[in-house]
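Quick look at structure30.cif (mmCIF, C-alpha atoms):
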```cif
data_target
#
loop_
_atom_site.label_atom_id
_atom_site.label_comp_id
_atom_site.auth_asym_id
_atom_site.auth_seq_id
_atom_site.Cartn_x
_atom_site.Cartn_y
_atom_site.Cartn_z
CA MET A 1 67.65 171.51 45.64
CA PRO A 2 64.28 170.13 44.56
CA GLU A 3 61.10 171.87 45.61
CA THR A 4 59.76 168.82 47.46
CA ASN A 5 61.22 166.78 50.29
CA ASP A 6 63.76 164.11 49.34
CA ARG A 7 64.06 161.51 52.11
CA THR A 8 66.68 159.44 50.30
CA HIS A 9 69.30 162.19 50.00
CA VAL A 10 70.83 164.91 52.10
CA TYR A 11 72.27 168.08 50.57
CA LEU A 12 75.57 169.68 51.51
CA GLY A 13 76.00 173.35 50.72
CA VAL A 14 79.39 175.01 50.28
CA HIS A 15 79.21 178.80 50.49
CA VAL A 16 81.07 180.67 47.74
CA ARG A 17 80.05 184.33 48.04
CA GLY A 18 77.28 186.69 49.02
CA PRO A 19 75.24 186.98 52.24
CA VAL A 20 73.72 183.74 53.55
CA THR A 21 72.23 183.21 56.99
CA ILE A 22 71.09 179.97 58.64
CA ASP A 23 68.25 179.99 61.18
CA HIS A 24 69.11 177.07 63.43
CA GLU A 25 67.64 176.50 66.89
CA ARG A 26 66.46 180.13 67.09
CA ALA A 27 69.96 181.42 66.32
CA LYS A 28 70.91 183.26 63.13
CA THR A 29 74.37 182.33 61.88
CA PRO A 30 75.90 184.21 58.92
CA LEU A 31 78.09 182.06 56.70
CA GLU A 32 81.56 182.99 55.52
CA PRO A 33 83.01 181.86 52.18
CA ASN A 34 83.95 178.15 52.27
CA ASP A 35 81.63 177.39 55.20
CA LEU A 36 79.45 174.27 54.90
CA PHE A 37 76.14 172.96 56.17
CA PHE A 38 73.92 169.92 55.69
CA CYS A 39 70.32 170.59 54.72
CA ASP A 40 67.24 169.06 53.15
CA PRO A 41 64.55 170.61 50.96
CA ALA A 42 61.95 170.37 53.73
CA ARG A 43 63.96 172.93 55.71
CA ARG A 44 64.91 175.26 52.88
CA HIS A 45 62.93 178.04 54.61
CA LEU A 46 65.69 178.14 57.26
CA LEU A 47 68.13 179.52 54.66
CA ARG A 48 68.23 183.27 54.02
CA PHE A 49 69.92 184.21 50.74
CA GLY A 50 71.03 187.75 49.93
CA GLU A 51 71.78 189.35 46.59
CA ASP A 52 74.58 188.06 44.35
CA CYS A 53 74.78 184.85 46.38
CA GLN A 54 76.52 181.76 45.07
CA MET A 55 76.62 178.31 46.66
CA ILE A 56 77.57 174.82 45.53
CA PHE A 57 75.21 171.99 46.53
CA PHE A 58 76.12 168.31 46.60
CA ARG A 59 73.44 165.61 46.75
CA VAL A 60 74.51 162.65 48.89
CA PRO A 61 72.55 159.41 49.49
CA ARG A 62 71.73 159.31 53.19
CA CYS A 63 72.55 155.59 53.42
CA TYR A 64 76.20 156.26 52.46
CA LEU A 65 76.92 158.37 55.56
CA GLY A 66 76.82 155.44 57.97
CA VAL A 67 74.54 156.98 60.64
CA LYS A 68 70.92 156.60 61.71
CA GLU A 69 68.22 158.95 60.40
CA SER A 70 67.75 160.40 63.87
CA GLU A 71 71.48 161.13 64.08
CA LEU A 72 71.57 162.71 60.64
CA ASP A 73 68.67 164.99 61.57
CA ARG A 74 70.78 166.34 64.44
CA VAL A 75 73.39 167.79 62.05
CA LEU A 76 70.97 169.34 59.54
CA GLY A 77 71.33 173.11 59.61
CA VAL A 78 74.47 173.07 61.76
CA PRO A 79 77.07 175.42 60.21
CA VAL A 80 80.60 174.10 59.76
CA ARG A 81 83.42 176.57 59.48
CA GLY A 82 85.43 175.99 56.32
CA GLY A 83 88.56 177.76 57.52
CA GLU A 84 89.72 175.31 60.15
CA GLY A 85 90.01 171.63 61.03
CA LEU A 86 88.14 168.96 59.12
CA GLY A 87 85.73 171.57 57.75
CA ALA A 88 88.57 173.22 55.83
CA LEU A 89 89.70 169.88 54.37
CA VAL A 90 86.16 168.96 53.25
CA SER A 91 85.43 172.42 51.85
CA ASP A 92 88.64 172.59 49.80
CA PHE A 93 88.22 169.06 48.47
CA LEU A 94 84.59 169.51 47.42
CA THR A 95 85.25 172.88 45.82
CA ALA A 96 88.03 171.34 43.74
CA LEU A 97 85.83 168.35 42.90
CA ALA A 98 83.03 170.59 41.61
CA ALA A 99 85.48 172.48 39.40
CA LYS A 100 86.66 169.30 37.62
CA VAL A 101 83.59 168.67 35.46
CA GLY A 102 85.48 166.39 33.09
CA PHE A 103 86.25 163.89 35.87
CA ARG A 104 82.63 163.09 36.68
CA HIS A 105 82.38 160.08 34.36
CA SER A 106 85.92 158.76 34.65
CA THR A 107 87.84 156.37 36.88
CA ILE A 108 89.59 159.21 38.71
CA GLY A 109 86.24 160.92 39.15
CA ASP A 110 84.85 157.75 40.75
CA ARG A 111 87.76 157.61 43.15
CA ARG A 112 87.37 161.26 44.09
CA ALA A 113 83.65 160.78 44.69
CA ARG A 114 84.40 157.82 46.95
CA THR A 115 86.92 159.92 48.87
CA ALA A 116 84.30 162.66 49.23
CA VAL A 117 81.88 160.14 50.75
CA HIS A 118 84.57 159.07 53.22
CA LEU A 119 85.21 162.67 54.28
CA LEU A 120 81.53 163.52 54.64
CA SER A 121 80.82 160.46 56.77
CA VAL A 122 83.67 161.46 59.09
CA LEU A 123 82.42 165.05 59.17
CA VAL A 124 78.95 163.87 60.22
CA MET A 125 80.49 161.78 62.98
CA GLU A 126 82.54 164.73 64.16
CA LEU A 127 79.45 166.95 64.27
CA LEU A 128 77.57 164.31 66.27
CA GLU A 129 80.46 163.95 68.69
CA ALA A 130 80.73 167.72 69.04
CA ASP A 131 77.02 167.85 69.88
CA ALA A 132 77.49 165.22 72.57
CA THR A 133 80.60 166.92 73.89
CA ASP A 134 78.70 170.15 74.53
CA GLU A 135 76.93 168.32 77.32
CA ALA A 136 80.04 166.66 78.76
CA ASP A 137 83.03 167.91 80.73
CA ASP A 138 86.47 168.77 79.37
CA ALA A 139 87.79 165.27 79.99
CA SER A 140 85.03 163.73 77.90
CA GLY A 141 85.74 166.27 75.17
CA THR A 142 89.38 165.16 75.06
CA VAL A 143 88.33 161.53 74.74
CA ASN A 144 85.89 162.35 71.93
CA GLU A 145 88.56 164.33 70.10
CA MET A 146 90.94 161.40 70.27
CA LEU A 147 88.24 158.99 69.09
CA SER A 148 87.38 161.32 66.20
CA ARG A 149 91.02 161.48 65.10
CA ILE A 150 91.27 157.69 65.26
CA ARG A 151 88.14 157.27 63.15
CA VAL A 152 89.52 159.67 60.54
CA TYR A 153 92.72 157.62 60.46
CA ILE A 154 90.74 154.39 60.04
CA GLU A 155 88.72 155.89 57.15
CA GLU A 156 91.92 156.90 55.40
CA HIS A 157 93.44 153.41 55.76
CA LEU A 158 90.43 151.14 55.21
CA MET A 159 92.01 149.66 52.08
CA ASP A 160 95.22 148.79 53.94
CA PRO A 161 95.18 145.00 54.59
CA ASP A 162 97.57 145.53 57.52
CA LEU A 163 95.17 147.85 59.35
CA SER A 164 94.80 146.44 62.86
CA PRO A 165 94.30 147.57 66.47
CA GLU A 166 98.07 147.39 66.89
CA SER A 167 98.85 149.60 63.88
CA ILE A 168 96.11 152.09 64.83
CA ALA A 169 97.34 152.34 68.43
CA ARG A 170 100.94 152.72 67.27
CA ALA A 171 100.01 155.56 64.87
CA HIS A 172 98.37 157.49 67.74
CA HIS A 173 101.02 156.74 70.38
CA ILE A 174 98.59 154.95 72.68
CA SER A 175 98.32 151.39 73.95
CA VAL A 176 96.03 148.81 72.35
CA ARG A 177 94.28 148.51 75.71
CA TYR A 178 93.46 152.23 75.78
CA LEU A 179 92.34 152.10 72.15
CA GLN A 180 89.94 149.27 72.96
CA LYS A 181 88.65 151.22 75.94
CA LEU A 182 87.85 154.24 73.75
CA PHE A 183 85.68 152.14 71.46
CA GLN A 184 84.20 150.15 74.34
CA ASN A 185 82.93 153.38 75.90
CA ASP A 186 81.30 154.13 72.55
CA GLY A 187 79.52 150.75 72.54
CA SER A 188 81.75 148.94 70.05
CA THR A 189 85.23 147.54 69.48
CA VAL A 190 87.86 148.84 67.11
CA SER A 191 87.73 145.62 65.05
CA GLN A 192 83.94 145.82 64.74
CA TRP A 193 84.18 149.45 63.62
CA VAL A 194 86.80 148.67 60.95
CA ARG A 195 84.82 145.66 59.70
CA GLN A 196 81.53 147.58 59.54
CA ARG A 197 83.04 150.51 57.62
CA ARG A 198 84.70 148.13 55.17
CA LEU A 199 81.43 146.28 54.65
CA GLU A 200 79.55 149.51 54.00
CA PHE A 201 81.97 150.56 51.28
CA CYS A 202 81.96 147.05 49.81
CA ARG A 203 78.18 147.29 49.57
CA LEU A 204 78.51 150.71 47.94
CA GLU A 205 81.00 149.43 45.37
CA LEU A 206 79.03 146.27 44.56
CA GLY A 207 75.90 148.36 44.06
CA ARG A 208 77.46 150.55 41.41
CA SER A 209 75.73 149.90 38.11
CA ASN A 210 78.17 151.52 35.69
CA ARG A 211 80.62 148.64 35.80
CA ARG A 212 80.78 145.00 36.82
CA ILE A 213 83.28 143.96 39.44
CA THR A 214 83.87 140.57 41.01
CA MET A 215 83.19 139.83 44.63
CA ALA A 216 86.79 138.61 45.06
CA ALA A 217 88.18 141.91 43.74
CA VAL A 218 86.02 143.93 46.14
CA ALA A 219 86.98 141.70 49.08
CA HIS A 220 90.67 142.08 48.28
CA ARG A 221 90.42 145.85 47.75
CA TRP A 222 88.85 146.41 51.17
CA GLY A 223 91.19 144.24 53.19
CA PHE A 224 89.24 140.99 53.67
CA SER A 225 91.40 137.89 53.98
CA SER A 226 89.41 135.75 51.54
CA PRO A 227 86.23 135.86 49.42
CA SER A 228 84.58 133.19 51.57
CA HIS A 229 85.24 135.14 54.78
CA PHE A 230 83.97 138.29 53.11
CA SER A 231 80.80 136.54 51.91
CA ARG A 232 80.00 135.17 55.39
CA THR A 233 80.64 138.54 57.05
CA PHE A 234 78.59 140.42 54.45
CA ARG A 235 75.63 138.07 54.87
CA GLY A 236 75.82 138.38 58.64
CA ALA A 237 75.72 142.18 58.40
CA PHE A 238 73.13 142.69 55.64
CA GLY A 239 71.12 139.47 55.49
CA MET A 240 72.13 138.54 51.94
CA SER A 241 75.24 137.46 50.09
CA PRO A 242 77.38 139.98 48.15
CA SER A 243 76.28 138.46 44.83
CA GLU A 244 72.60 138.69 45.85
CA TRP A 245 73.05 142.34 46.79
CA GLN A 246 74.86 143.08 43.52
CA ALA A 247 72.09 141.44 41.49
CA LEU A 248 69.41 143.32 43.45
CA ALA A 249 71.14 146.68 42.99
CA THR A 250 71.70 146.05 39.27
CA SER A 251 68.07 145.05 38.78
CA ALA A 252 66.82 148.14 40.61
CA CYS A 253 69.04 150.40 38.50
CA ALA A 254 67.91 148.72 35.28
CA THR A 255 64.27 149.19 36.24
CA THR A 256 64.84 152.86 37.00
CA THR A 257 66.71 153.39 33.73
CA ALA A 258 63.98 151.67 31.70
CA GLY A 259 61.34 153.78 33.38
CA ALA A 260 63.26 156.94 32.58
CA ARG A 261 63.51 155.91 28.91
CA ASP A 262 59.78 155.23 28.76
CA GLU A 263 59.05 158.60 30.31
CA ARG A 264 61.24 160.35 27.73
CA ARG A 265 59.41 158.55 24.88
CA ARG A 266 56.10 159.87 26.15
#
```

Would you give me this structure, written as C-alpha cells?
Amino acid sequence: MPETNDRTHVYLGVHVRGPVTIDHERAKTPLEPNDLFFCDPARRHLLRFGEDCQMIFFRVPRCYLGVKESELDRVLGVPVRGGEGLGALVSDFLTALAAKVGFRHSTIGDRRARTAVHLLSVLVMELLEADATDEADDASGTVNEMLSRIRVYIEEHLMDPDLSPESIARAHHISVRYLQKLFQNDGSTVSQWVRQRRLEFCRLELGRSNRRITMAAVAHRWGFSSPSHFSRTFRGAFGMSPSEWQALATSACATTTAGARDERRR
C-alpha cells in the first residue's frame, strides 16, 4: 500500500502466513491464513504485523464496487474468514489469480479480473447486509440471506440475455411475487437491480483503454435487447451516451499516459 491516503482505491488483503492482527472497533482480531479484509492506507495503523508475515494486497477502484462511499467505509477493517462461505470462494480465486502472473496482460487475464470485481462487489454487499442483520431479528436475517444469495446468482448470470424475474425466482424455488417483495423491502425492484448492475459493467468495459470495442458489442454482451435501448438507458443512468463516456475515458487515460511519459523524460 502507498504511504499516503488513496481515496480512489480500496485495498483488499489476503493473509498468507505469519501473525497479523486487526484493531477494529476496539476489538483485536487475529487473522488465519486465507482470511481477507478491506483496508485503506489512512488506516494502516490498525494493522499489526508480526515476524515472517506474508500478505497479498489487491488494489481495487472504489467506483467498481457499486456502493456508496459511506457504505464502503463500513466494511473497512472488517475481517472475513477465508475458510467458509463466500469468503472462501473469494480467497481461493484471488490467491490463484495472483499466482498467474502471465495472465495479467491477456484476454483470459482480463476475464479473470472482471470476475474478481464481480465477486468483490458481492462480498461488500454481503458484509453490509451482515452488518444490518446484526441489528435485526432472526427472521430479517433469513430474508437478508436469501436476498444475498439471489444477488450472487444475478451477478453470475448478468451476461445471460434470458435472465429475468421468472428465471431468478425459478432458480431459487420461490414465486416471482415473493422475489419482488424481497427487492421492494430493499428499496428497489429486481429488474432495476439487474439493469443497474449491467450498466455498471458496461461502463467499466467501455472505459477500458487497452482495446476498442463497439457499443453494440457491449450492449449484446450484457444482455440489452438493442443498441438504441442500451444507449437510452445508459444516458438515463449516467447523464451521457455510451460513446461520450468511452471518448471521455479514453481521453483521460491518454492524458495520464502522456503525463507519465513526460515525467519519465525528466

Interatomic distance between CA of Leu36 in chain A and CA of His15 in chain A?
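These atoms are spaced 6.3 Å apart.
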
Could you please give me, as a PyMOL selection string, the residues of protein, DNA or RNA lying at most 8 Å from (73.5, 171.7, 57.7) in the coordinate frame of the file, considering all atoms listed in the file?
chain A and resi 12-13+36-39+75-80

For Glu84 in chain A, the nearest of the candidates A:Arg112, A:Val194, A:Tyr153, A:Asn34, counting all atoms listed in the file
A:Asn34

Hits of the PyMOL selection byres ((chain A and resi 223-234) around 12) in this structure, as a PyMOL selection string:
chain A and resi 157-164+192+194-203+206+214-222+235-246

Quick one: pull the distance between CA of Met146 in chain A and CA of Leu65 in chain A, Å, one decimal.
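These two atoms are separated by 20.5 Å.
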
Could you list, as a PyMOL selection string, every residue matched by the PyMOL selection byres ((chain A and resi 125) around 9) in this structure?
chain A and resi 65-67+120-124+126-130+148+151

Local residues around (63.4, 183.4, 58.5), at most 9 Å away, using only C-alpha atoms, as a list in words
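Here the neighbourhood of the point contains Thr21, Ile22, Asp23, Lys28, His45, Leu46, Leu47 and Arg48 of chain A.
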
Residues just named, written with C-alpha atoms as an mmCIF file, in the coordinates of the input:
```cif
data_model
loop_
_atom_site.group_PDB
_atom_site.id
_atom_site.type_symbol
_atom_site.label_atom_id
_atom_site.label_comp_id
_atom_site.auth_asym_id
_atom_site.auth_seq_id
_atom_site.Cartn_x
_atom_site.Cartn_y
_atom_site.Cartn_z
ATOM 1 C CA THR A 21 72.230 183.210 56.990
ATOM 2 C CA ILE A 22 71.090 179.970 58.640
ATOM 3 C CA ASP A 23 68.250 179.990 61.180
ATOM 4 C CA LYS A 28 70.910 183.260 63.130
ATOM 5 C CA HIS A 45 62.930 178.040 54.610
ATOM 6 C CA LEU A 46 65.690 178.140 57.260
ATOM 7 C CA LEU A 47 68.130 179.520 54.660
ATOM 8 C CA ARG A 48 68.230 183.270 54.020
#
```

Give me, please, the distance in Å between CA of Val60 in chain A and CA of Ser191 in chain A, quoted to one decimal.
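Value for the CA of Val60 in chain A-CA of Ser191 in chain A distance: 26.9 Å.
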
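Counting all atoms listed in the file and comparing A:Trp193, A:Arg43, A:Thr29, A:Ala113, the residue that lies closest to Ile150 in chain A is A:Trp193.
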
List the spatial neighbours of range 181-183 of chain A as JSON, numbers by chain - criterion: any atom at most 8 Å away, only C-alpha atoms, same-chain residues fewer than 5 positions off excluded.
{"A": [143, 147, 188, 189, 190]}

Quick one: residues within 8 Å of Val90 in chain A, only C-alpha atoms, excluding same-chain residues fewer than 3 positions away - as an MDAnalysis selection string?
chainID A and resid 82 86:87 93:94 116 119:120

In terms of the shortest atom-to-atom distance over only C-alpha atoms, which of A:His172, A:Arg62, A:Leu31, A:Phe57 is closest to Asp6 in chain A?
A:Arg62

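When only C-alpha atoms are used to measure the gap to Thr115 in chain A, the shortest distance among A:Arg81, A:Val152, A:Val101, A:Tyr178 belongs to A:Val152.
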
If you count all atoms listed in the file, which residues fall within 10 Å of Pro19 in chain A, apart from same-chain ones fewer than 6 positions away, as a list of chain:residue names?
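What passes the distance filter is A:Pro30, A:Leu31, A:Glu32, A:Pro33, A:Arg48, A:Phe49, A:Gly50, A:Glu51, A:Asp52, A:Cys53, A:Gln54.
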